[in-house]
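Text of final14.pdb, listed as PDB, C-alpha atoms, pLDDT in the B column:
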```pdb
MODEL        1
ATOM      1  CA  MET A   1     -20.452  10.619 -16.403  1.00 38.00           C
ATOM      2  CA  ARG A   2     -16.828   9.372 -16.492  1.00 48.00           C
ATOM      3  CA  ALA A   3     -14.433  10.283 -19.290  1.00 49.00           C
ATOM      4  CA  ASN A   4     -14.673   6.732 -20.577  1.00 50.00           C
ATOM      5  CA  GLY A   5     -18.446   7.150 -21.008  1.00 52.00           C
ATOM      6  CA  SER A   6     -19.557   4.948 -18.103  1.00 53.00           C
ATOM      7  CA  GLU A   7     -21.734   6.032 -15.202  1.00 56.00           C
ATOM      8  CA  ARG A   8     -19.923   3.860 -12.629  1.00 61.00           C
ATOM      9  CA  PRO A   9     -16.512   4.944 -11.362  1.00 63.00           C
ATOM     10  CA  LEU A  10     -13.633   2.837 -12.613  1.00 69.00           C
ATOM     11  CA  PRO A  11     -11.984   0.895  -9.770  1.00 77.00           C
ATOM     12  CA  VAL A  12      -8.391   2.085  -9.387  1.00 82.00           C
ATOM     13  CA  ARG A  13      -7.325  -1.557  -9.144  1.00 79.00           C
ATOM     14  CA  LYS A  14      -8.122  -1.938 -12.864  1.00 81.00           C
ATOM     15  CA  LEU A  15      -5.567   0.778 -13.671  1.00 84.00           C
ATOM     16  CA  LEU A  16      -2.705  -0.558 -11.561  1.00 86.00           C
ATOM     17  CA  ASP A  17       0.089  -2.768 -12.777  1.00 86.00           C
ATOM     18  CA  LYS A  18       3.409  -3.839 -11.323  1.00 87.00           C
ATOM     19  CA  SER A  19       5.495  -1.270 -13.200  1.00 90.00           C
ATOM     20  CA  LEU A  20       3.285   1.628 -12.079  1.00 92.00           C
ATOM     21  CA  LEU A  21       3.354   0.462  -8.446  1.00 93.00           C
ATOM     22  CA  GLU A  22       7.142   0.007  -8.602  1.00 93.00           C
ATOM     23  CA  ALA A  23       7.478   3.579  -9.907  1.00 95.00           C
ATOM     24  CA  TRP A  24       5.258   4.860  -7.086  1.00 95.00           C
ATOM     25  CA  LEU A  25       7.266   2.945  -4.458  1.00 94.00           C
ATOM     26  CA  THR A  26      10.518   4.316  -5.886  1.00 94.00           C
ATOM     27  CA  GLU A  27       9.093   7.835  -5.749  1.00 95.00           C
ATOM     28  CA  PHE A  28       7.953   7.264  -2.155  1.00 95.00           C
ATOM     29  CA  ARG A  29      11.368   5.916  -1.106  1.00 92.00           C
ATOM     30  CA  ASP A  30      13.026   8.932  -2.739  1.00 94.00           C
ATOM     31  CA  LEU A  31      11.071  11.177  -0.355  1.00 94.00           C
ATOM     32  CA  GLY A  32      13.507  10.033   2.330  1.00 92.00           C
ATOM     33  CA  TYR A  33      11.328   8.158   4.799  1.00 88.00           C
ATOM     34  CA  LEU A  34      13.472   5.993   7.072  1.00 80.00           C
ATOM     35  CA  THR A  35      12.171   2.541   7.872  1.00 77.00           C
ATOM     36  CA  GLY A  36      13.566  -0.911   8.471  1.00 76.00           C
ATOM     37  CA  SER A  37      10.463  -2.393   6.862  1.00 82.00           C
ATOM     38  CA  ASP A  38      10.725  -4.455   3.704  1.00 85.00           C
ATOM     39  CA  ILE A  39       8.193  -3.012   1.228  1.00 90.00           C
ATOM     40  CA  ARG A  40       7.448  -4.965  -1.944  1.00 89.00           C
ATOM     41  CA  ILE A  41       4.776  -5.634  -4.528  1.00 91.00           C
ATOM     42  CA  LEU A  42       3.097  -9.022  -4.354  1.00 84.00           C
ATOM     43  CA  GLU A  43       4.192 -11.158  -7.279  1.00 71.00           C
ATOM     44  CA  GLN A  44       1.241 -12.199  -9.421  1.00 62.00           C
ATOM     45  CA  GLU A  45       0.999 -14.537 -12.344  1.00 55.00           C
ATOM     46  CA  ASP A  46      -2.679 -13.999 -13.112  1.00 54.00           C
ATOM     47  CA  GLU A  47      -3.588 -10.505 -14.339  1.00 56.00           C
ATOM     48  CA  THR A  48      -7.250 -11.141 -13.458  1.00 57.00           C
ATOM     49  CA  ASP A  49      -6.337 -11.789  -9.812  1.00 54.00           C
ATOM     50  CA  PRO A  50      -8.375  -9.584  -7.444  1.00 54.00           C
ATOM     51  CA  ASP A  51      -5.205  -8.897  -5.451  1.00 51.00           C
ATOM     52  CA  THR A  52      -3.768  -6.688  -8.195  1.00 56.00           C
ATOM     53  CA  GLY A  53      -2.200  -3.721  -6.496  1.00 61.00           C
ATOM     54  CA  LEU A  54      -1.318  -5.568  -3.308  1.00 87.00           C
ATOM     55  CA  ILE A  55       1.770  -4.217  -1.561  1.00 92.00           C
ATOM     56  CA  VAL A  56       3.359  -6.201   1.256  1.00 91.00           C
ATOM     57  CA  VAL A  57       5.148  -4.546   4.177  1.00 91.00           C
ATOM     58  CA  ASP A  58       7.088  -6.607   6.713  1.00 88.00           C
ATOM     59  CA  LEU A  59       7.168  -4.721  10.016  1.00 87.00           C
ATOM     60  CA  THR A  60      10.523  -5.776  11.427  1.00 84.00           C
ATOM     61  CA  GLU A  61       9.887  -4.860  15.047  1.00 83.00           C
ATOM     62  CA  ALA A  62       6.439  -6.511  15.181  1.00 82.00           C
ATOM     63  CA  LYS A  63       7.450  -9.588  13.205  1.00 80.00           C
ATOM     64  CA  THR A  64       4.218  -9.335  11.263  1.00 82.00           C
ATOM     65  CA  VAL A  65       3.150  -8.695   7.686  1.00 84.00           C
ATOM     66  CA  THR A  66       0.882  -5.876   6.571  1.00 91.00           C
ATOM     67  CA  TYR A  67      -0.890  -5.757   3.218  1.00 91.00           C
ATOM     68  CA  LEU A  68      -1.744  -2.483   1.503  1.00 93.00           C
ATOM     69  CA  GLN A  69      -4.449  -2.521  -1.128  1.00 91.00           C
ATOM     70  CA  PRO A  70      -7.001  -0.258  -2.762  1.00 91.00           C
ATOM     71  CA  ILE A  71     -10.388  -0.295  -1.063  1.00 88.00           C
ATOM     72  CA  ALA A  72     -13.081  -1.830  -3.278  1.00 81.00           C
ATOM     73  CA  GLY A  73     -14.919   0.858  -5.177  1.00 76.00           C
ATOM     74  CA  GLY A  74     -13.756   3.673  -7.318  1.00 72.00           C
ATOM     75  CA  ASP A  75     -12.544   6.544  -5.132  1.00 88.00           C
ATOM     76  CA  GLY A  76      -8.840   5.610  -4.924  1.00 92.00           C
ATOM     77  CA  SER A  77      -8.690   5.038  -1.163  1.00 92.00           C
ATOM     78  CA  TRP A  78      -6.320   2.409   0.235  1.00 93.00           C
ATOM     79  CA  LYS A  79      -6.295   0.318   3.411  1.00 93.00           C
ATOM     80  CA  ALA A  80      -3.731  -1.540   5.501  1.00 93.00           C
ATOM     81  CA  THR A  81      -4.489  -5.042   6.762  1.00 92.00           C
ATOM     82  CA  MET A  82      -2.247  -6.421   9.497  1.00 90.00           C
ATOM     83  CA  GLU A  83      -1.954 -10.172   9.879  1.00 86.00           C
ATOM     84  CA  ALA A  84      -2.816 -11.685  13.240  1.00 84.00           C
ATOM     85  CA  ARG A  85       0.107 -12.771  15.377  1.00 81.00           C
ATOM     86  CA  ASP A  86       0.376 -16.149  17.053  1.00 84.00           C
ATOM     87  CA  ALA A  87       2.779 -15.062  19.766  1.00 85.00           C
ATOM     88  CA  THR A  88       3.155 -12.162  22.150  1.00 88.00           C
ATOM     89  CA  ILE A  89       6.037  -9.790  21.553  1.00 88.00           C
ATOM     90  CA  GLU A  90       7.860  -7.756  24.146  1.00 91.00           C
ATOM     91  CA  LEU A  91       9.640  -4.591  23.073  1.00 92.00           C
ATOM     92  CA  GLY A  92      12.103  -2.390  24.887  1.00 95.00           C
ATOM     93  CA  ALA A  93      12.096   1.382  24.492  1.00 96.00           C
ATOM     94  CA  VAL A  94      14.232   1.523  21.334  1.00 94.00           C
ATOM     95  CA  ALA A  95      12.338  -1.292  19.585  1.00 91.00           C
ATOM     96  CA  LEU A  96       9.017   0.346  20.480  1.00 93.00           C
ATOM     97  CA  VAL A  97      10.155   3.683  19.042  1.00 92.00           C
ATOM     98  CA  ASN A  98      11.327   1.862  15.905  1.00 90.00           C
ATOM     99  CA  LEU A  99       7.943   0.133  15.563  1.00 90.00           C
ATOM    100  CA  GLY A 100       6.198   3.481  15.972  1.00 92.00           C
ATOM    101  CA  ASN A 101       8.352   4.864  13.158  1.00 91.00           C
ATOM    102  CA  GLU A 102       7.509   1.898  10.936  1.00 91.00           C
ATOM    103  CA  VAL A 103       3.784   2.463  11.524  1.00 92.00           C
ATOM    104  CA  ASN A 104       4.156   6.212  10.836  1.00 93.00           C
ATOM    105  CA  VAL A 105       5.908   5.474   7.539  1.00 93.00           C
ATOM    106  CA  LEU A 106       3.190   2.941   6.724  1.00 94.00           C
ATOM    107  CA  GLY A 107       0.556   5.652   7.245  1.00 95.00           C
ATOM    108  CA  ALA A 108       2.517   8.037   5.026  1.00 96.00           C
ATOM    109  CA  LEU A 109       2.733   5.340   2.331  1.00 96.00           C
ATOM    110  CA  VAL A 110      -1.029   4.711   2.425  1.00 96.00           C
ATOM    111  CA  SER A 111      -1.625   8.459   2.107  1.00 97.00           C
ATOM    112  CA  PHE A 112       0.874   8.665  -0.780  1.00 97.00           C
ATOM    113  CA  LEU A 113      -0.798   5.749  -2.602  1.00 96.00           C
ATOM    114  CA  GLU A 114      -4.226   7.343  -2.147  1.00 95.00           C
ATOM    115  CA  THR A 115      -3.003  10.650  -3.561  1.00 96.00           C
ATOM    116  CA  LYS A 116      -1.456   8.903  -6.575  1.00 96.00           C
ATOM    117  CA  SER A 117      -4.537   6.720  -7.114  1.00 93.00           C
ATOM    118  CA  LYS A 118      -6.969   9.652  -6.952  1.00 93.00           C
ATOM    119  CA  ALA A 119      -4.852  11.603  -9.441  1.00 93.00           C
ATOM    120  CA  LEU A 120      -4.768   8.557 -11.731  1.00 91.00           C
ATOM    121  CA  LEU A 121      -8.557   8.211 -11.564  1.00 89.00           C
ATOM    122  CA  ALA A 122      -9.027  11.921 -12.216  1.00 89.00           C
ATOM    123  CA  SER A 123      -6.960  11.610 -15.390  1.00 88.00           C
ATOM    124  CA  CYS A 124      -9.239   8.908 -16.835  1.00 81.00           C
TER     125      CYS A 124
ENDMDL
END
```
Turn this file's structure into C-alpha coordinates for me.
Amino acid sequence: MRANGSERPLPVRKLLDKSLLEAWLTEFRDLGYLTGSDIRILEQEDETDPDTGLIVVDLTEAKTVTYLQPIAGGDGSWKATMEARDATIELGAVALVNLGNEVNVLGALVSFLETKSKALLASC
(Lines of atoms letter the chains of each structure in order from A and count residues from 1; the text may use other names and numbers.)
(Lines give C-alpha, C1' and ligand atoms only; values in the text may rest on other atoms or scores of the structure.)
Protein backbone atom coordinates (compact mmCIF):
# COMPACT_ATOMS: atom_id res chain seq x y z
CA MET A 1 0.00 0.00 0.00
CA ARG A 2 1.25 3.52 -0.84
CA ALA A 3 1.76 6.19 1.82
CA ASN A 4 -1.29 8.00 0.50
CA GLY A 5 -3.42 4.91 1.20
CA SER A 6 -3.95 3.80 -2.41
CA GLU A 7 -3.02 0.43 -3.85
CA ARG A 8 -2.01 1.83 -7.27
CA PRO A 9 1.29 3.66 -7.62
CA LEU A 10 0.97 7.39 -8.11
CA PRO A 11 2.17 8.46 -11.58
CA VAL A 12 5.19 10.74 -11.20
CA ARG A 13 3.63 13.06 -13.77
CA LYS A 14 1.00 14.02 -11.16
CA LEU A 15 3.77 15.27 -8.86
CA LEU A 16 5.67 17.35 -11.41
CA ASP A 17 5.25 21.05 -11.99
CA LYS A 18 7.24 23.65 -13.88
CA SER A 19 9.10 24.99 -10.85
CA LEU A 20 10.23 21.52 -9.76
CA LEU A 21 11.42 20.65 -13.28
CA GLU A 22 13.23 24.00 -13.56
CA ALA A 23 15.01 23.26 -10.26
CA TRP A 24 16.00 19.81 -11.52
CA LEU A 25 17.31 21.23 -14.82
CA THR A 26 19.31 23.86 -12.93
CA GLU A 27 20.78 21.15 -10.71
CA PHE A 28 21.63 19.06 -13.79
CA ARG A 29 23.29 22.01 -15.55
CA ASP A 30 25.30 22.72 -12.40
CA LEU A 31 26.83 19.24 -12.71
CA GLY A 32 28.90 20.67 -15.56
CA TYR A 33 27.74 18.72 -18.59
CA LEU A 34 28.78 20.50 -21.79
CA THR A 35 26.26 20.59 -24.60
CA GLY A 36 25.19 22.97 -27.33
CA SER A 37 21.64 21.69 -26.98
CA ASP A 38 18.85 24.01 -25.92
CA ILE A 39 17.02 22.30 -23.03
CA ARG A 40 13.71 23.76 -21.86
CA ILE A 41 10.41 22.87 -20.25
CA LEU A 42 7.39 22.87 -22.54
CA GLU A 43 5.16 25.81 -21.72
CA GLN A 44 1.69 24.68 -20.69
CA GLU A 45 -1.44 26.62 -19.97
CA ASP A 46 -3.62 23.69 -18.94
CA GLU A 47 -2.57 21.94 -15.72
CA THR A 48 -4.62 18.87 -16.70
CA ASP A 49 -2.62 18.47 -19.92
CA PRO A 50 -1.18 14.95 -20.24
CA ASP A 51 2.12 16.46 -21.39
CA THR A 52 2.92 17.77 -17.91
CA GLY A 53 6.58 17.13 -17.33
CA LEU A 54 7.57 17.39 -20.98
CA ILE A 55 11.11 18.65 -21.51
CA VAL A 56 12.23 19.69 -24.99
CA VAL A 57 15.82 19.31 -26.19
CA ASP A 58 16.95 20.78 -29.50
CA LEU A 59 19.90 18.75 -30.80
CA THR A 60 21.89 21.39 -32.65
CA GLU A 61 23.98 19.07 -34.79
CA ALA A 62 21.02 16.90 -35.87
CA LYS A 63 18.63 19.81 -36.39
CA THR A 64 15.92 17.82 -34.66
CA VAL A 65 13.86 18.07 -31.49
CA THR A 66 13.76 15.46 -28.75
CA TYR A 67 11.08 15.27 -26.08
CA LEU A 68 11.77 13.85 -22.63
CA GLN A 69 8.82 12.69 -20.58
CA PRO A 70 7.94 10.28 -17.80
CA ILE A 71 6.84 6.86 -19.02
CA ALA A 72 3.17 6.18 -18.26
CA GLY A 73 2.83 4.28 -15.02
CA GLY A 74 4.17 4.87 -11.60
CA ASP A 75 7.82 3.79 -11.43
CA GLY A 76 9.47 7.13 -12.30
CA SER A 77 11.14 6.02 -15.54
CA TRP A 78 11.57 8.53 -18.37
CA LYS A 79 11.90 8.20 -22.14
CA ALA A 80 13.29 10.27 -25.01
CA THR A 81 11.29 10.64 -28.21
CA MET A 82 13.13 11.99 -31.25
CA GLU A 83 11.12 13.67 -33.98
CA ALA A 84 11.41 12.30 -37.49
CA ARG A 85 13.51 14.31 -39.90
CA ASP A 86 12.40 15.31 -43.38
CA ALA A 87 15.88 15.75 -44.80
CA THR A 88 19.16 13.90 -44.75
CA ILE A 89 22.01 15.48 -42.83
CA GLU A 90 25.69 15.09 -43.54
CA LEU A 91 28.16 15.62 -40.72
CA GLY A 92 31.91 15.99 -40.74
CA ALA A 93 34.09 14.53 -38.00
CA VAL A 94 33.78 17.45 -35.56
CA ALA A 95 30.00 17.78 -36.00
CA LEU A 96 29.58 14.03 -35.53
CA VAL A 97 31.61 14.10 -32.30
CA ASN A 98 29.51 17.06 -31.13
CA LEU A 99 26.28 15.16 -31.90
CA GLY A 100 27.61 12.15 -29.99
CA ASN A 101 28.27 14.42 -27.01
CA GLU A 102 24.75 15.86 -27.22
CA VAL A 103 23.27 12.35 -27.20
CA ASN A 104 25.50 11.33 -24.26
CA VAL A 105 24.34 14.36 -22.27
CA LEU A 106 20.75 13.54 -23.22
CA GLY A 107 21.21 10.03 -21.79
CA ALA A 108 22.70 11.49 -18.61
CA LEU A 109 19.72 13.86 -18.31
CA VAL A 110 17.21 11.02 -18.69
CA SER A 111 19.07 9.06 -16.00
CA PHE A 112 19.14 12.15 -13.74
CA LEU A 113 15.39 12.73 -14.19
CA GLU A 114 14.66 9.08 -13.41
CA THR A 115 16.73 9.22 -10.23
CA LYS A 116 14.95 12.41 -9.11
CA SER A 117 11.52 11.03 -10.03
CA LYS A 118 12.05 7.73 -8.19
CA ALA A 119 13.22 9.60 -5.08
CA LEU A 120 10.16 11.86 -5.32
CA LEU A 121 7.84 8.85 -5.57
CA ALA A 122 9.58 7.14 -2.65
CA SER A 123 8.93 10.20 -0.49
CA CYS A 124 5.16 10.05 -1.08
*Do you know which residues the PyMOL selection byres ((chain A and resi 100) around 12) returns on this file, as number ranges by chain?*
A: 34-37, 59-62, 91, 93-99, 101-107
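Checking A:Gly74, A:Ser117, A:Ala122, A:Ile39 one by one against Leu20 in chain A, counting only C-alpha atoms, you find the shortest gap at A:Ser117.
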* Out of A:Val12, A:Ile41, A:Ile55, A:Ile89, which residue has the shortest atom-to-atom distance to Glu114 in chain A when counting only C-alpha atoms? ->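 Ranked by minimum distance to Glu114 in chain A, first place goes to A:Val12.
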Q) Using only C-alpha atoms, which of A:Leu120, A:Phe112, A:Lys63, A:Lys18 sits nearest Lys79 in chain A? A)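 Once distances to Lys79 in chain A are computed over only C-alpha atoms, the minimum belongs to A:Phe112.
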Run the PyMOL selection byres ((chain A and resi 84) around 10) mentally over the shown coordinates, then write out the matched residues as an mmCIF file with C-alpha atoms, keeping the file's coordinate frame, using the chain letters and numbers from the document.
```cif
data_model
loop_
_atom_site.group_PDB
_atom_site.id
_atom_site.type_symbol
_atom_site.label_atom_id
_atom_site.label_comp_id
_atom_site.auth_asym_id
_atom_site.auth_seq_id
_atom_site.Cartn_x
_atom_site.Cartn_y
_atom_site.Cartn_z
ATOM 1 C CA THR A 64 4.218 -9.335 11.263
ATOM 2 C CA VAL A 65 3.150 -8.695 7.686
ATOM 3 C CA THR A 66 0.882 -5.876 6.571
ATOM 4 C CA THR A 81 -4.489 -5.042 6.762
ATOM 5 C CA MET A 82 -2.247 -6.421 9.497
ATOM 6 C CA GLU A 83 -1.954 -10.172 9.879
ATOM 7 C CA ARG A 85 0.107 -12.771 15.377
ATOM 8 C CA ASP A 86 0.376 -16.149 17.053
ATOM 9 C CA ALA A 87 2.779 -15.062 19.766
#
```
What are the centre and edge lengths in Å, to one decimal, of the axis-aligned box around all listed atoms of range 68-78 of chain A with 5 Å added on each side, as lines of an AutoDock Vina configuration file?
```
center_x = -8.3
center_y = 2.0
center_z = -2.9
size_x = 23.2
size_y = 19.1
size_z = 18.8
```
Taken to one decimal, the CA of Ile71 in chain A-CA of Thr26 in chain A distance is 21.9 Å
- Of the candidates A:Leu42, A:Pro11, A:Ala23, A:Asp17, which shows the shortest atom-to-atom distance to Trp78 in chain A, using all atoms listed in the file?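 Result for the nearest residue to Trp78 in chain A: A:Pro11.
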Name the residues in contact with Leu113 in chain A at a cut-off of 9 Å, using all atoms listed in the file, excluding same-chain residues fewer than 2 positions from it; report them as a list in words.
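Everything that qualifies: Leu21, Trp24, Leu25, Phe28, Pro70, Gly76, Ser77, Trp78, Ala108, Leu109, Val110, Ser111, Thr115, Lys116, Ser117 and Lys118 of chain A.
Rounded to one decimal, CA of Cys124 in chain A and CA of Leu15 in chain A lie 9.5 Å from each other.
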Check your understanding: Do you have the CA of Gln69 in chain A-CA of Gly32 in chain A distance handy?
Key ->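 So the two atoms, CA of Gln69 in chain A and CA of Gly32 in chain A, lie 22.2 Å apart.
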